[in-house]
Structure formats: C-alpha cells, structure tokens
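Below is one structure, written out as structure tokens; the observations come after it.
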Number of protein chains: 2
Amino acid sequence: MEKTNFDVTNERNLTMLVDFYELTMGNGYYNVGVGDKIAYFDMFFRRVPDGGGYCIMSGVQQLIEYLSSLKFTEKDIEYLRSKDTFSEEFLDYLYNFKFSCDVWAIPEGNPVFPNEPLVSVRGPVIQAQFIETMILLTINHQTLIATKANRICRAAEGRPVMEFGSRRAQGYDGAIYGARAAVIGGCSSTACTIAEEMFNIPAVGTMAHSWVQLYPTEYEAFKAWAKIYPDNCVFLIDTYNVLKSGIPNSIKVFDEVLKPMGIRPVGVRIDSGDITYLSKECRKMLDDAGYPDVKIVVSNSLDEHIITDVLSQGAAVDSFGVGERLITARSEPVFGGVYKLVAVEESGHIIPKIKISENEEKITNPGFKKIYRIFDKKSKKAVADLITLNGETIDENKPLELFDPIYTWKKKKLTNYYAKELMVQIFKEGKPVYESPDVMSIREFALNETERLWPEVLRFENPHTYYVDLSYNLWNMKQELLHKYSEKYKE
Amino acid sequence: MEKTNFDVTNERNLTMLVDFYELTMGNGYYNVGVGDKIAYFDMFFRRVPDGGGYCIMSGVQQLIEYLSSLKFTEKDIEYLRSKDTFSEEFLDYLYNFKFSCDVWAIPEGNPVFPNEPLVSVRGPVIQAQFIETMILLTINHQTLIATKANRICRAAEGRPVMEFGSRRAQGYDGAIYGARAAVIGGCSSTACTIAEEMFNIPAVGTMAHSWVQLYPTEYEAFKAWAKIYPDNCVFLIDTYNVLKSGIPNSIKVFDEVLKPMGIRPVGVRIDSGDITYLSKECRKMLDDAGYPDVKIVVSNSLDEHIITDVLSQGAAVDSFGVGERLITARSEPVFGGVYKLVAVEESGHIIPKIKISENEEKITNPGFKKIYRIFDKKSKKAVADLITLNGETIDENKPLELFDPIYTWKKKKLTNYYAKELMVQIFKEGKPVYESPDVMSIREFALNETERLWPEVLRFENPHTYYVDLSYNLWNMKQELLHKYSEKYKE
C-alpha cells in the first residue's frame with residue numbers, strides 16, 4: 001500500500017488548515033488592490049462555558065509556532081490552481097508569502113473574560129484575514145480544555161487530578177494539546193506519553209484490566225506486578241470484585257512481596273462502581289491491615305460535579321483520574337471564540353469598524369484597543385478589566401472611575417489600585433518576539449492568578465460577573481458608530 | 001525563538017501517542033516473559049450517541065496509516081529511559097519494534113451497532129496491548145463525527161450539508177479528520193481547505209462579514225465581489241440587515257453586474273437571525289426580482305433538531321452550513337468505544353476471557369469472533385447482525401434461528417436471507433493487506449448501506465433496536481464463563 005503525503009504520521013504543514021473563504025477573500029482583496037490595506041482584528045469570546053465565572057487562556061505557544069512557519073508549498077499552489085478560482089498573481093503572492101503582521105495576545109494561564117480581546121492582529125488585510133481559522137481553532141480548543149480542567153481541579157480541593165482522556169479525545173491533537181491545556185488548567189499529570197516528551201509534563205500510568213485478566217488469578221497478576229514495580233506499586237482493584245477480591249489480594253501481595261523488601265506500597269485504583277462507598281470501605285480495610293498511607297485513586301467518568309458530590313459524601317479519595325469529560329469538555333464542548341474586524345487604516349488614520357447585530361451581545365467593540373487588569377493594592381485581588389483605546393494610559397495616582405457599559409449609571413470609583421497591561425506582543429512585523437514559559441510554569445501562574453479572583457467569581461454556579469468595562473473614549477466611539485448605523489436602518 | 005522538534009507544524013511520529021500504562025504493562029509482560037503470548041482484543045462500543053439507532057464506522061484508513069508506521073526513535077527511547085521505569089531489554093525491544101499482529105476491522109461507511117467488534121486484534125500481548133490507545137482514539141473520534149453528520153444530513157432531507165466547523169474543532173486533527181468523517185457521514189463538502197488537498201473532498205467557501213465591513217457600503221462590497229467571482233457568486237447578506245440591506249443590495253448587484261454578463265448568480269447566505277422567517281422573505285424577494293433559481297444557504301449553530309424544525313415550518317433553504325455542533329458532536333461529544341481482552345492462546349488453544357461487571361451491559365463477549373450481517377433477500381434490508389465464534393459458518397440454505405441473548409425465549413427463524421461477513425482483515429502478520437476506498441466512495445457506500453436499514457432503525461428518537469445476536473456456541477461459552485465467576489464471588 002502506498003502511503004499518501006498526508007499520512008497522519010508524516011510531516012505536516014498546517015498552512016492549508018484554513019477555511020476556504022479566507023482564500024477566496026484573499027484573492028478578492030488582492031485582485032481589487034486592497035490586499036495591503038492595514039486591518040485590525042480581535043479574537044474574543046462572548047460567554048464562559050458551563051456558566052462559569054472565567055476562562056483560562058491557553059494555546060498561545062502553538063499559535064506562535066503556526067504563525068512562525070506559514071508556508072505554501074508548490075504542491076499547495078498546484079492544488080489551489082486546480083480549483084480554478086484564484087488569479088495567478090494571487091497564487092504567486094501565496095507562494096512568496098511573508099508574514100508581516102503585529103500580533104498581541106494575553107499570555108497563557110491568565111483568567112480571561114467575555115468580550116475582551118484574547119488576541120489582536122494588525123497587518124495587511126489578506127494576512128490578518130488568512131490567519132483567522134488557526135487563531136480560533138488553536139485558542140478555542142486549548143482555552144476550552146484549560147477552563148474545564150480548572151473547574152475539575154477546583155472541585156478536587158487540592159487533591160491531584162490526572163488527565164486520562166486520550167482514547168476519547170477528538171483526534172490526535174485533541175489528545176496531545178488537550179493534555180497540555182489540562183495541565184495549564186491545573187492537572188498534575190497526564191496519561192498521554194507523547195505529551196511528556198513534547199511539553200515536559202509528567203506522564204503516569206500503571207495497569208489496565210487486561211493485565212489482571214491475562215493471569216489465572218488476580219492474586220498472581222498483582223504478585224507479578226509488585227515484583228516488577230516494587231517502588232511504585234499501584235493495583236487496579238475492580239477487575240472482579242473490589243471488596244471481596246481486589247483489596248484482599250492487594251493486602252496479601254503488599255504483605256508478601258513488599259513488606260519483606262521494606263517498601264511501602266503506593267496505592268490502589270478503583271475504576272467502576274460506587275466510588276463513595278467503595279473508597280470508604282477500602283480505606284478501612286487498608287487502614288486495618290496497616291496501610292493507612294496507601295493512596296486511593298479513582299477514575300470513572302468523573303467531572304467537577306461528581307467529584308464535588310463524592311467528596312461531600314466523605315469519599316476517601318486521594319487523587320482523581322479524569323478522562324472523557326475533561327478531554328472533550330463534555331458538558332459544553334464548544335468554545336465560541338470569534339474573530340472580528342475592528343478597524344482599518346486610511347491614510348495613516350485608524351478608522352474603527354463595528355459589527356452590528358439585532359442580538360445586542362453580538363455587537364463588537366470597535367477600534368485598536370488594549371486591556372488593563374485593575375488590582376486592589378490591599379487585597380491584591382483583581383477587581384475589573386478595563387478595555388481602552390490603544391493610546392490610552394492610566395494614571396495610578398488618580399482615582400479610576402469605572403462604569404457599566406450598558407447600565408451607565410452604575411459607577412464605581414477606585415483608589416489604591418494598580419493597573420497591569422494584560423496583552424503582550426507576540427509578533428512584531430511578522431517576527432516572533434515573545435518567549436513562552438514552560439507548561440509547568442504556566443500551570444503555576446494560572447493557579448496563582450486564579451487565587452487573585454474573588455471567591456464570588458470562582459463559584460461553579462451563578463458566579464458573580466467580573467467587570468469588563470470600557471474606557472470613556474472607547475465607549476463614546478462605540479456609541480457614535482451604533483447611532484450612525486441605527487439611523488441608517490431605522491425604518 | 002528556537003523551534004522544538006514537536007512544533008505542531010513539523011514532522012510527527014505518533015508512536016508515542018499512547019497511554020503510559022500500555023508501556024508499563026508492556027515492560028511487565030516483557031520482563032515476566034509473557035510478551036509473546038498471543039492475545040485477542042476487541043474494540044467495541046456500548047451505546048449509540050444521541051439515542052440513535054446506529055453509528056457510521058469511520059477512521060480505518062488512519063488506523064492503517066498509524067499501524068503501518070509504528071517506530072520508536074532514539075529520542076523516544078532516551079526519553080523512556082529517563083523515566084527510570086523500564087528495563088534496558090524492554091527498551092531494546094521497543095527500539096527494534098516490528099509490528100506483527102493480525103487486525104480485522106469493519107470497513108468505513110458501514111452502519112455499526114453496540115456490542116459488536118469494530119476492530120479485532122490478534123498478536124503478541126505487548127503489541128496488541130500497546131495499540132489500544134490509538135485504535136480507540138482513531139475510531140472513537142471519526143465514528144462519533146460520521147454518526148453525527150449522518151443524523152444532520154438525514155434531517156436535511158437531501159439538501160446538501162456543508163461542514164463549516166474547523167474554527168471550533170477540538171484541535172487540528174479534530175478539524176481535519178473531523179471533516180473527513182463528516183463527509184463519510186454524508187456531508188457534501190467542507191470549508192476545511194487542507195481536507196480537500198488530503199482526501200479529495202470538495203472544499204467550499206465565499207466571504208465573511210469582514211469583506212463587507214471593509215468597504216464603505218455593503219453595495220460596494222457585493223459589487224466588487226461579483227466582478228471577481230461572477231461565475232460562483234454567493235453573498236453573505238446579514239452583516240447589517242438581511243431584508244432591508246442584504247437582499248436589496250444583492251438584487252441590485254445581480255442586476256447591474258451579472259445580468260449584463262449573461263451570468264446567473266448562485267446564491268445568498270444567511271448566518272444569523274430567524275432562519276425560517278428570513279429565508280421565506282428572501283425567497284419571495286428573490287423570486288419577485290426574477291431570481292427564483294438563486295439558492296438560499298443558511299448557517300448558524302445548526303444541528304439535526306434545528307434543521308428538522310425550520311424545514312417543518314417551511315423554511316426556504318436550499319443548503320445548510322453546519323459548524324460547531326457537527327465538528328464537536330456537541331450534543332454528545334464522547335464516543336465510548338472500549339478495547340478489551342477477549343482471549344489468549346495457551347499451547348495453541350484459544351482460551352476465552354471475559355470482563356465481569358456488576359453493571360450487566362459492561363460484561364464483554366469473550367472469544368475470537370466474527371460478525372455476519374443478515375439481509376432479507378426480498379427487501380434487501382439488513383435484519384440482524386450475528387456474532388459467532390471465528391470458526392463458525394452459516395449455511396444460507398438452512399433456516400437461521402436467532403434468539404435474544406438476554407431474553408432467550410425471544411426467537412426468530414429466518415429463511416430467504418443471505419449472510420455477509422462484516423469484518424475484513426486489514427493487517428496480516430503486521431503487514432497491511434487492505435486498500436481503503438477513497439472518501440467520496442465511502443460516503444456513497446454509507447448512504448447506500450444506511451438505506452438498507454429499516455426506517456424504524458433510522459428514527460431520531462426512540463429508534464427500534466437493531467438485533468445484534470450471538471450464535472449458540474458463543475452464547476454458551478459466555479454463560480459458562482459467567483457461571484464460573486459467579487460461583488467464585490457468590491458470598
């Protein structure tokens with residue numbers, strides 16, 4: 001069998017992972033002569049999945065990798081030519097494509113909120129338009145999973161959560177970058193081996209039921225395992241019967257194999273049944289047998305709600321393995337990030353653009369902007385994000401007045417605060433200018449930044465809505481554009 | 001910025017995309033000297049997502065590609081050595097890994113049902129165990145999406161459905177292989193450009209809102225577009241106001257640009273608002289203006305339920321663009337395929353193995369098996385699948401008695417039937433022996449095979465449960481194993 005060039009295991013170039021309309025528009029821009037017009041786009045989202053209070057930004061490193069390696073091969077050009085849609089001049093442009101945009105992003109691990117730009121792009125409209133698909137795909141996916149992982153880890157209340165979902169992921173990258181995002185969201189480790197090789201996040205694993213089944217008895221299976229892995233001995237105890245077989249055989253093997261070696265066993269894992277009941281019974285049996293230090297790991301279609309529930313019932317669980325409900329964000333598997341034109345340059349001036357909708361929350365924030373996160377100096381807590389026009393600065397020595405962008409009479413005056421610019425530039429004139437921290441550092445950063453949110457924002461159900469406000473200048477600009485369009489279509 | 005070897009855009013080898021426990025078990029098997037013991041594993045699923053009546057098999061081609069290129073690099077071995085978990089002998093074994101399993105699979109596009117093997121593996125237990133993660137990941141993902149696409153396309157009642165979901169997919173492969181699976185499930189085309197290059201499935205696309213926003217007016221934006229793409233002119237008409245602006249401007253440009261050229265416009269697309277109302281109004285306005293042949297395309301968070309609903313209300317829609325709810329199978333984003341040990345060989349004899357569970361439907365079907373699909377000769381409809389031991393044959397000249405594996409008194413005698421073996425061998429002693437059809441042929445096959453199911457099985461809600469029965473020999477073997485274990489744990 002001959003292998004195709006696009007075998008999943010072969011070299012890949014993701015330049016052509018693009019919605020076809022980016023190319024038809026590119027060809028259009030090129031052929032009407034506006035391809036080099038400078039445009040500004042924002043990527044943002046409108047609501048937090050699962051009704052949560054915030055998301056965890058993730059995926060910037062992969063976005064940098066993609067943008068650093070945009071390249072159309074001869075084969076790509078040949079394929080595009082065969083579509084009979086593009087001019088030869090445009091195909092030449094693609095073949096000689098040289099990325100020249102400026103790109104800003106909120107660094108990974110930051111809590112992020114609806115309607116603020118996560119990524120902003122400034123550059124020739126052909127290019128800034130072209131990268132839409134991959135910006136969305138990359139940030140939408142990883143932010144979705146990091147956010148879900150963060151919920152699940154919070155439910156575990158400090159107990160380690162292991163990411164176990166590769167087999168149920170939506171595709172290979174779903175497993176690989178999903179594992180990365182899960183760790184950014186708070187998971188302590190993953191079962192996905194390649195993810196450790198790629199991102200230096202710990203890969204873990206012990207045995208499946210098949211190990212136990214392969215032996216005539218569970219006792220023999222455990223005994224063989226203990227001899228091979230005395231230093232890291234964890235048994236899967238639910239192949240036949242947890243309490244009548246799994247635990248008694250575990251204790252027997254701990255006593256017979258590990259005790260003479262002077263080695264303490266590490267744990268047991270339960271993968272089915274009533275976790276609360278079984279874990280409590282296991283705990284008692286292990287304690288009575290002299291193994292109070294042996295950990296109980298559970299894994300069976302877990303998510304933040306089940307974990308909260310079993311812990312509230314006193315389940316004796318030391319760590320959780322979480323699979324399909326994390327790696328697919330099963331309860332809400334779509335992160336609805338969008339990418340919208342917000343301005344163009346005409347003769348060196350930035351002209352703001354707005355997307356109108358009958359659905360008010362779908363109206364965009366126009367203009368070239370930046371974001372300040374405002375922290376209270378005393379509590380160190382984040383109190384609001386303020387989106388401003390790009391040129392605006394905040395004088396921390398003066399009180400800062402924030403107002404609700406809809407109910408503008410709702411105002412708040414802040415003193416004793418400091419303002420941190422949230423976005424960093426990741427590309428300058430097409431060149432990468434930002435070095436991502438390693439994944440375990442991003443994880444730590446995310447844990448710390450999450451703790452700087454008020455508990456009301458962290459709630460699973462009906463969290464307090466964190467303030468994302470607009471500066472007076474930005475708000476005024478938006479109102480002007482809205483009134484202009486409303487005037488036009490009022491009848 | 002230095003690029004890592006695992007940059008998303010660089011060469012990749014997915015051998016290490018494996019749950020870590022496959023490796024700890026492999027090392028265990030190797031070191032206790034049972035690595036070459038011949039084991040049999042089945043991959044199967046237990047329930048159809050969304051309460052549907054069947055799934056559409058997908059992913060076999062990628063499984064073949066993966067299994068054809070298993071290879072541990074020196075870097076992989078070095079990384080594994082650094083884990084301080086594996087013996088040098090086992091690492092040597094991996095470095096010299098030579099795949100030698102036999103693998104059978106149900107070809108892509110076939111309707112498949114719970115509890116029948118989709119993939120069966122026979123080979124040295126180290127190998128047969130190792131490939132678990134990627135078999136599940138590959139088949140679970142693509143079968144999930146093909147199944148969802150099949151539901152959505154059925155709802156569209158013959159209208160073309162375009163796959164538009166790349167930006168909301170769960171990772172790059174979620175977009176790429178998701179587009180492939182969506183077409184296998186029935187989609188006519190995709191927006192994902194690279195998917196056409198890879199799989200020769202049609203990629204389509206026109207304009208985004210940003211094209212319209214870039215121009216001072218919608219009219220100018222449409223006019224520029226029509227001049228560039230006169231032969232394939234489709235306007236996105238909801239940037240400002242569909243009925244007051246989008247349609248009037250479309251008609252004006254059709255009249256002014258295309259009519260003088262003697263070219264018929266192709267269509268308009270609505271991406272927001274009340275589809276039913278807007279499409280009907282658009283239809284009237286287009287008809288009145290002399291454009292009854294211009295198609296109306298809609299796209300806005302669609303799925304099988306919304307499509308059924310708008311069509312039942314008489315929406316004037318000619319084709320659908322379906323995004324996030326298809327590419328993530330949003331209503332049920334997990335396909336729960338599992339991979340279980342079903343037999344081992346001892347001195348040349350096949351010893352069946354069973355996985356017991358207190359949850360009856362989690363009990364596995366033991367033994368080395370095959371599947372016959374039984375068709376009624378007269379109607380050509382599929383009436384049942386019969387799982388038998390591998391050595392069993394069916395004599396089509398004799399009546400076939402089927403019985404329910406739980407309520408065994410429920411019996412059915414078939415005459416005038418024929419039996420088709422469902423699985424094909426895809427690897428023989430580690431060598432690929434099956435050539436996949438191209439994707440568009442698989443799509444056609446899937447459409448035809450779906451039509452061979454009774455309408456009762458095709459229903460969206462509460463479909464009839466298609467019979468998946470066991471042969472007497474297989475049923476007896478299972479009962480014996482169950483009684484043996486039940487005896488052991490009865491107190």
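Chain lettering (A, B, ...) mirrors the order of the structure tokens, residue numbering begins at 1 for each chain separately, and ligand numbering begins at 1 in order of display.
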
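Assigned to strand (DSSP E) in range 27-61 of chain B, given DSSP computed from backbone atoms, are Ile38, Ala39, Tyr40, Phe41, Asp42, Met43, Phe44, Cys55 and Ile56 of chain B.
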
Distance query range 37-47 of chain A at most 7 Å, only C-alpha atoms, self and fewer than 3 positions along chain excluded, as a count of residues only: 25

Residues within 9 Å of range 130-140 of chain B, only C-alpha atoms, excluding chain neighbours under 6 positions, as a PyMOL selection string: (chain A and resi 166-172+175) or (chain B and resi 14-15+17-19+21-23+25-26+41+43+45+57-60+62-63+66-67+118-119+334-340)

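All residues of protein, DNA or RNA that reach within 8 Å of Leu400 in chain B, judged by only C-alpha atoms and not counting those fewer than 6 positions away in the chain, are B:Lys413, B:Leu414, B:Thr415.
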
Emit the selected residues as a PDB file, in the first residue's frame, including N, CA, C and O atoms.
ATOM      1  N   LYS B 413     -37.067 -17.119  13.401  1.00  0.00           N
ATOM      2  CA  LYS B 413     -36.486 -18.032  12.412  1.00  0.00           C
ATOM      3  C   LYS B 413     -36.477 -17.331  11.056  1.00  0.00           C
ATOM      4  O   LYS B 413     -37.497 -16.865  10.579  1.00  0.00           O
ATOM      5  N   LEU B 414     -35.282 -17.237  10.448  1.00  0.00           N
ATOM      6  CA  LEU B 414     -35.152 -16.557   9.163  1.00  0.00           C
ATOM      7  C   LEU B 414     -35.003 -17.566   8.035  1.00  0.00           C
ATOM      8  O   LEU B 414     -34.253 -18.539   8.143  1.00  0.00           O
ATOM      9  N   THR B 415     -35.731 -17.295   6.960  1.00  0.00           N
ATOM     10  CA  THR B 415     -35.500 -18.031   5.716  1.00  0.00           C
ATOM     11  C   THR B 415     -35.325 -16.967   4.632  1.00  0.00           C
ATOM     12  O   THR B 415     -35.579 -15.783   4.888  1.00  0.00           O
TER      13      THR B 415
END

Counting only C-alpha atoms, figure out which residue out of B:Arg283, B:Ile126, B:Pro265, B:Gly174 gets nearest to Ser100 in chain B.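 Nearest candidate to Ser100 in chain B out of B:Arg283, B:Ile126, B:Pro265, B:Gly174: B:Ile126.
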
Which is closest to Ser189 in chain A among A:Trp475, A:Phe320, A:Trp409, A:Trp211, if we use only C-alpha atoms? A:Phe320

Proximity to Thr143 in chain B - best of B:Ala289, B:Leu389, B:Ile327, B:Val242, only C-alpha atoms: B:Ile327

Would you please extract all helix (DSSP H, G or I) residues from range 29-95 of chain B, as assigned by DSSP on the backbone, and give them as a ChimeraX atom specification? /B:29-32,49-51,60-68,74-82,88-95

Just to be explicit: take each residue in the selection above, keep C-alpha atoms, and write the result as a short mmCIF file (atom, residue, chain, number, x, y, z; two decimals), in the first residue's frame.
data_model
loop_
_atom_site.label_atom_id
_atom_site.label_comp_id
_atom_site.auth_asym_id
_atom_site.auth_seq_id
_atom_site.Cartn_x
_atom_site.Cartn_y
_atom_site.Cartn_z
CA TYR B 29 4.82 -8.57 30.07
CA TYR B 30 8.33 -8.46 28.67
CA ASN B 31 10.04 -8.90 31.98
CA VAL B 32 7.91 -11.76 33.22
CA PRO B 49 -24.75 8.64 20.86
CA ASP B 50 -27.85 10.89 20.92
CA GLY B 51 -30.08 7.85 21.45
CA VAL B 60 -9.98 2.72 9.42
CA GLN B 61 -7.67 4.39 6.90
CA GLN B 62 -5.93 6.43 9.62
CA LEU B 63 -5.64 3.34 11.79
CA ILE B 64 -3.90 1.58 8.90
CA GLU B 65 -1.53 4.52 8.45
CA TYR B 66 -0.68 4.55 12.13
CA LEU B 67 -0.11 0.81 12.40
CA SER B 68 1.99 0.87 9.23
CA GLU B 74 16.31 7.09 19.61
CA LYS B 75 14.88 10.21 21.16
CA ASP B 76 11.80 8.28 22.28
CA ILE B 77 13.96 5.58 23.84
CA GLU B 78 16.10 8.18 25.56
CA TYR B 79 13.02 9.83 27.00
CA LEU B 80 11.62 6.49 28.18
CA ARG B 81 14.95 5.62 29.76
CA SER B 82 14.82 8.87 31.70
CA GLU B 88 17.06 -1.99 29.09
CA GLU B 89 15.91 -5.22 27.45
CA PHE B 90 12.41 -3.82 27.02
CA LEU B 91 13.78 -0.55 25.62
CA ASP B 92 15.78 -2.61 23.13
CA TYR B 93 12.62 -4.45 22.21
CA LEU B 94 10.87 -1.13 21.53
CA TYR B 95 13.76 0.25 19.54
#

Shell of 12 Å around Gly290 in chain A, only C-alpha atoms, local chain residues under 2 positions omitted, as a PyMOL selection string: chain A and resi 251-252+254-255+259+264-265+283-288+292-294

Just write the chosen residues, C-alpha atoms, as an mmCIF file, in the first residue's frame.
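Contents of again_23.cif, as written:
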data_model
loop_
_atom_site.group_PDB
_atom_site.id
_atom_site.type_symbol
_atom_site.label_atom_id
_atom_site.label_comp_id
_atom_site.auth_asym_id
_atom_site.auth_seq_id
_atom_site.Cartn_x
_atom_site.Cartn_y
_atom_site.Cartn_z
ATOM 1 C CA ILE A 251 -3.109 -6.531 51.017
ATOM 2 C CA LYS A 252 -1.872 -10.087 50.584
ATOM 3 C CA PHE A 254 1.704 -5.925 49.868
ATOM 4 C CA ASP A 255 2.400 -8.230 52.841
ATOM 5 C CA LYS A 259 6.867 -5.863 53.294
ATOM 6 C CA ARG A 264 5.678 0.836 51.222
ATOM 7 C CA PRO A 265 3.049 0.306 48.519
ATOM 8 C CA ARG A 283 -9.857 2.890 53.327
ATOM 9 C CA LYS A 284 -10.998 0.951 56.382
ATOM 10 C CA MET A 285 -9.632 -2.338 55.084
ATOM 11 C CA LEU A 286 -6.282 -0.808 54.170
ATOM 12 C CA ASP A 287 -6.026 1.026 57.497
ATOM 13 C CA ASP A 288 -6.859 -2.139 59.454
ATOM 14 C CA PRO A 292 -3.061 3.916 56.222
ATOM 15 C CA ASP A 293 -0.532 5.602 53.924
ATOM 16 C CA VAL A 294 -1.643 3.732 50.779
#

Could you check the closest approach to Ala226 in chain B for each of A:Gly28, A:Gly186, A:Pro366, A:Gly430 and tell me which residue wins, using only C-alpha atoms?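 When distances to Ala226 in chain B are compared using only C-alpha atoms, the smallest one comes from A:Gly28.
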
Out of A:Gly109, A:Gly314, A:Pro352, A:Gly391, which residue has the shortest atom-to-atom distance to chain B when counting only C-alpha atoms?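 Checking each candidate against chain B, we get A:Pro352 as the closest.
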
Name the residues in contact with Ile307 in chain B at a cut-off of 12 Å, using only C-alpha atoms, excluding same-chain residues fewer than 5 positions from it; report them as a PyMOL selection string. chain B and resi 151-159+161+275-276+298-302+312-322+325
